[in-house]
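Accompanying notes for the structure given below.
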Amino acid sequence: MGNSERNENKRVKHALDRAGICSQFECMPEQPEKWPRGAAWTLTHAHDAGQVAGIRCARCNVTRYYKPAEQREVIGNVTIDEVREKVRCQKCGSREWMGAELFHPTGEQAHTIRYRRLVQIRWEKRVIWRDE
Ligand SMILES: [Zn+2]
């Protein structure tokens, strides 16, 4: 493969760009802001991008930080909006005050954030009786 092939590719790409056909490839995102509208940014994407999930109870004024991959273990590969709908505050038990967002930690944050880590998912035995 020589120069001629590379030039060929370049010319094709340029032509596509001008026609606008290539735009969806051009947008391959690293930041959620650049993610095409309509495509769900899930916890897997967040994990791959190195994001942190911050979940906050505005009533208790407590924010806890989670690793997206561990949240995925618990509630599935959903969007952060769905996370917000599902979580409740461990302190006050409320759902209504919850906020959830994904963000890229700054260099300093990366060292200082204390994560709430997933220790275990325990399936407890429940016994259900029925009178017949
Ligand atoms: Zn709370």
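Residue numbering restarts at 1 for every chain of the structure tokens, chains are lettered A, B, ... in their displayed order, and ligands are numbered from 1 as they appear.
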Quick one: residues within 6 Å of stretch 59-69 of chain A, only C-alpha atoms counted, chain neighbours fewer than 5 positions away excluded, as a compact mmCIF listing (two decimals) with N, CA and C atoms, in the first residue's frame?
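Resulting contents of part-v2.txt:
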```txt
# COMPACT_ATOMS: atom_id res chain seq x y z
N LEU A 43 -24.64 3.53 30.71
CA LEU A 43 -23.58 3.38 31.71
C LEU A 43 -22.33 2.72 31.12
N HIS A 47 -18.74 4.32 31.35
CA HIS A 47 -17.60 3.56 31.87
C HIS A 47 -16.42 3.64 30.90
N VAL A 52 -17.70 9.43 35.86
CA VAL A 52 -18.12 9.10 37.22
C VAL A 52 -19.60 9.43 37.32
N ALA A 53 -20.35 8.62 38.06
CA ALA A 53 -21.76 8.92 38.30
C ALA A 53 -21.89 9.57 39.67
N GLY A 54 -22.40 10.78 39.68
CA GLY A 54 -22.65 11.49 40.93
C GLY A 54 -24.14 11.46 41.21
N TRP A 97 -36.16 13.77 45.50
CA TRP A 97 -35.11 14.78 45.61
C TRP A 97 -33.82 14.37 44.92
N TYR A 115 -15.36 6.86 46.35
CA TYR A 115 -16.43 6.14 45.67
C TYR A 115 -17.21 5.29 46.66
N ARG A 116 -18.48 5.18 46.37
CA ARG A 116 -19.28 4.17 47.05
C ARG A 116 -19.20 2.93 46.18
```
When the cut-off is 7 Å and you count only C-alpha atoms and all ligand atoms, which residues lie near ligand 1, shown as a PDB file with N, CA and C atoms, in the first residue's frame?
```pdb
ATOM      1  N   CYS A  57     -28.810  13.617  46.789  1.00  0.00           N
ATOM      2  CA  CYS A  57     -30.104  13.887  47.399  1.00  0.00           C
ATOM      3  C   CYS A  57     -30.095  15.349  47.826  1.00  0.00           C
ATOM      4  N   ALA A  58     -30.975  16.135  47.188  1.00  0.00           N
ATOM      5  CA  ALA A  58     -31.007  17.570  47.475  1.00  0.00           C
ATOM      6  C   ALA A  58     -31.591  17.844  48.856  1.00  0.00           C
ATOM      7  N   ARG A  59     -32.380  16.910  49.376  1.00  0.00           N
ATOM      8  CA  ARG A  59     -32.988  17.086  50.686  1.00  0.00           C
ATOM      9  C   ARG A  59     -31.945  16.921  51.782  1.00  0.00           C
ATOM     10  N   CYS A  60     -31.114  15.894  51.639  1.00  0.00           N
ATOM     11  CA  CYS A  60     -30.072  15.638  52.643  1.00  0.00           C
ATOM     12  C   CYS A  60     -28.774  16.365  52.308  1.00  0.00           C
ATOM     13  N   CYS A  89     -32.735   7.770  48.118  1.00  0.00           N
ATOM     14  CA  CYS A  89     -31.725   8.177  49.089  1.00  0.00           C
ATOM     15  C   CYS A  89     -31.673   7.158  50.226  1.00  0.00           C
ATOM     16  N   GLN A  90     -30.469   6.725  50.554  1.00  0.00           N
ATOM     17  CA  GLN A  90     -30.337   5.746  51.627  1.00  0.00           C
ATOM     18  C   GLN A  90     -30.571   6.379  52.987  1.00  0.00           C
ATOM     19  N   LYS A  91     -30.438   7.687  53.032  1.00  0.00           N
ATOM     20  CA  LYS A  91     -30.569   8.357  54.313  1.00  0.00           C
ATOM     21  C   LYS A  91     -32.024   8.670  54.629  1.00  0.00           C
ATOM     22  N   CYS A  92     -32.715   9.325  53.690  1.00  0.00           N
ATOM     23  CA  CYS A  92     -34.091   9.748  53.976  1.00  0.00           C
ATOM     24  C   CYS A  92     -35.133   8.891  53.254  1.00  0.00           C
ATOM     25  N   GLY A  93     -34.685   8.006  52.380  1.00  0.00           N
ATOM     26  CA  GLY A  93     -35.610   7.094  51.717  1.00  0.00           C
ATOM     27  C   GLY A  93     -36.403   7.727  50.590  1.00  0.00           C
ATOM     28  N   SER A  94     -36.122   8.986  50.273  1.00  0.00           N
ATOM     29  CA  SER A  94     -36.910   9.708  49.276  1.00  0.00           C
ATOM     30  C   SER A  94     -36.393   9.451  47.865  1.00  0.00           C
TER      31      SER A  94
END
```
Between atom CA of A:His104 and atom CA of A:Glu85, what is the distance in Å, rounded to a tenth? 21.6 Å
Which one is closest to A:Gln71: A:Arg95, A:Leu102, A:Glu132, A:Thr112? Count only C-alpha atoms.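 With only C-alpha atoms as the atom set, the closest residue is A:Leu102.
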Grab the atom CA of A:Val83 to atom CA of A:Arg122 distance for me, in Å with one decimal place.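 These two atoms are separated by 20.0 Å.
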Grab the atom CA of A:Gly99 to atom CA of A:His111 distance for me, in Å with one decimal place.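 That distance, rounded to one decimal, is 23.1 Å.
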Extract, using only C-alpha atoms, all DNA, RNA and protein residues at most 10 Å from A:Thr79, discarding same-chain residues fewer than 4 positions from it, and format them as JSON, numbers by chain. {"A": [40, 41, 42, 43, 44, 45, 46, 72, 83, 84, 101, 102]}
Could you save those same residues with N, CA and C atoms as a short mmCIF file (atom, residue, chain, number, x, y, z; two decimals), in the first residue's frame?
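Just written: result32.cif:
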```
data_model
loop_
_atom_site.label_atom_id
_atom_site.label_comp_id
_atom_site.auth_asym_id
_atom_site.auth_seq_id
_atom_site.Cartn_x
_atom_site.Cartn_y
_atom_site.Cartn_z
N ALA A 40 -28.78 6.76 22.91
CA ALA A 40 -28.74 6.73 24.36
C ALA A 40 -27.31 6.59 24.87
N TRP A 41 -26.94 7.47 25.77
CA TRP A 41 -25.62 7.39 26.41
C TRP A 41 -25.81 6.55 27.67
N THR A 42 -25.35 5.31 27.60
CA THR A 42 -25.62 4.38 28.69
C THR A 42 -24.44 4.31 29.66
N LEU A 43 -24.64 3.53 30.71
CA LEU A 43 -23.58 3.38 31.71
C LEU A 43 -22.33 2.72 31.12
N THR A 44 -22.53 1.87 30.12
CA THR A 44 -21.36 1.27 29.46
C THR A 44 -20.53 2.34 28.75
N HIS A 45 -21.22 3.24 28.05
CA HIS A 45 -20.50 4.33 27.39
C HIS A 45 -19.77 5.18 28.43
N ALA A 46 -20.46 5.45 29.51
CA ALA A 46 -19.87 6.28 30.56
C ALA A 46 -18.63 5.62 31.14
N ARG A 72 -24.19 -0.38 36.70
CA ARG A 72 -24.74 -1.25 35.67
C ARG A 72 -25.01 -2.64 36.22
N VAL A 83 -31.28 6.00 35.76
CA VAL A 83 -30.69 5.81 37.09
C VAL A 83 -31.39 6.74 38.08
N ARG A 84 -31.56 7.98 37.66
CA ARG A 84 -32.18 8.97 38.54
C ARG A 84 -33.59 8.53 38.96
N GLU A 101 -25.96 12.59 37.72
CA GLU A 101 -25.29 13.05 36.52
C GLU A 101 -23.96 12.33 36.33
N LEU A 102 -23.56 12.28 35.08
CA LEU A 102 -22.25 11.71 34.73
C LEU A 102 -21.30 12.86 34.45
#
```
Taking the DSSP secondary structure from the backbone, can you list the residues of stretch 35-124 of chain A that are helix (DSSP H, G or I), as a ChimeraX atom specification? /A:43-49,68-75,80-86,107-112
Limited to N, CA and C atoms, could you put the picked residues into a file as a tab-separated table (two decimals), in the first residue's frame?
```tsv
chain	number	residue	atom	x	y	z
A	43	LEU	N	-24.64	3.53	30.71
A	43	LEU	CA	-23.58	3.38	31.71
A	43	LEU	C	-22.33	2.72	31.12
A	44	THR	N	-22.53	1.87	30.12
A	44	THR	CA	-21.36	1.27	29.46
A	44	THR	C	-20.53	2.34	28.75
A	45	HIS	N	-21.22	3.24	28.05
A	45	HIS	CA	-20.50	4.33	27.39
A	45	HIS	C	-19.77	5.18	28.43
A	46	ALA	N	-20.46	5.45	29.51
A	46	ALA	CA	-19.87	6.28	30.56
A	46	ALA	C	-18.63	5.62	31.14
A	47	HIS	N	-18.74	4.32	31.35
A	47	HIS	CA	-17.60	3.56	31.87
A	47	HIS	C	-16.42	3.64	30.90
A	48	ASP	N	-16.71	3.40	29.63
A	48	ASP	CA	-15.65	3.42	28.61
A	48	ASP	C	-15.00	4.80	28.51
A	49	ALA	N	-15.79	5.83	28.74
A	49	ALA	CA	-15.28	7.19	28.62
A	49	ALA	C	-14.60	7.67	29.90
A	68	PRO	N	-19.71	3.85	37.04
A	68	PRO	CA	-20.82	3.46	36.16
A	68	PRO	C	-20.92	1.95	35.95
A	69	ALA	N	-19.79	1.27	35.87
A	69	ALA	CA	-19.83	-0.18	35.63
A	69	ALA	C	-20.48	-0.91	36.81
A	70	GLU	N	-20.32	-0.36	38.01
A	70	GLU	CA	-20.91	-1.01	39.18
A	70	GLU	C	-22.41	-0.71	39.27
A	71	GLN	N	-22.78	0.48	38.85
A	71	GLN	CA	-24.21	0.77	38.80
A	71	GLN	C	-24.91	-0.12	37.79
A	72	ARG	N	-24.19	-0.38	36.70
A	72	ARG	CA	-24.74	-1.25	35.67
A	72	ARG	C	-25.01	-2.64	36.22
A	73	GLU	N	-24.14	-3.09	37.12
A	73	GLU	CA	-24.34	-4.39	37.76
A	73	GLU	C	-25.68	-4.43	38.49
A	74	VAL	N	-26.03	-3.31	39.06
A	74	VAL	CA	-27.20	-3.28	39.94
A	74	VAL	C	-28.48	-3.01	39.17
A	75	ILE	N	-28.46	-2.03	38.27
A	75	ILE	CA	-29.72	-1.67	37.61
A	75	ILE	C	-29.70	-1.86	36.11
A	80	ILE	N	-28.37	7.68	32.44
A	80	ILE	CA	-28.32	8.31	33.77
A	80	ILE	C	-29.70	8.84	34.17
A	81	ASP	N	-30.53	9.16	33.19
A	81	ASP	CA	-31.90	9.58	33.51
A	81	ASP	C	-32.69	8.44	34.15
A	82	GLU	N	-32.45	7.25	33.63
A	82	GLU	CA	-33.13	6.10	34.21
A	82	GLU	C	-32.57	5.76	35.59
A	83	VAL	N	-31.28	6.00	35.76
A	83	VAL	CA	-30.69	5.81	37.09
A	83	VAL	C	-31.39	6.74	38.08
A	84	ARG	N	-31.56	7.98	37.66
A	84	ARG	CA	-32.18	8.97	38.54
A	84	ARG	C	-33.59	8.53	38.96
A	85	GLU	N	-34.30	7.93	38.02
A	85	GLU	CA	-35.66	7.50	38.33
A	85	GLU	C	-35.70	6.32	39.30
A	86	LYS	N	-34.62	5.55	39.31
A	86	LYS	CA	-34.67	4.31	40.08
A	86	LYS	C	-34.07	4.41	41.47
A	107	GLY	N	-8.45	16.27	37.07
A	107	GLY	CA	-7.26	15.58	37.56
A	107	GLY	C	-7.24	15.48	39.07
A	108	GLU	N	-7.63	16.57	39.73
A	108	GLU	CA	-7.61	16.56	41.18
A	108	GLU	C	-8.71	15.67	41.74
A	109	GLN	N	-9.90	15.81	41.16
A	109	GLN	CA	-11.03	14.97	41.61
A	109	GLN	C	-10.70	13.49	41.51
A	110	ALA	N	-10.00	13.15	40.42
A	110	ALA	CA	-9.70	11.73	40.20
A	110	ALA	C	-8.96	11.13	41.39
A	111	HIS	N	-8.22	11.99	42.11
A	111	HIS	CA	-7.48	11.48	43.26
A	111	HIS	C	-8.25	11.59	44.56
A	112	THR	N	-9.21	12.52	44.61
A	112	THR	CA	-9.84	12.80	45.90
A	112	THR	C	-11.25	12.21	46.04
```
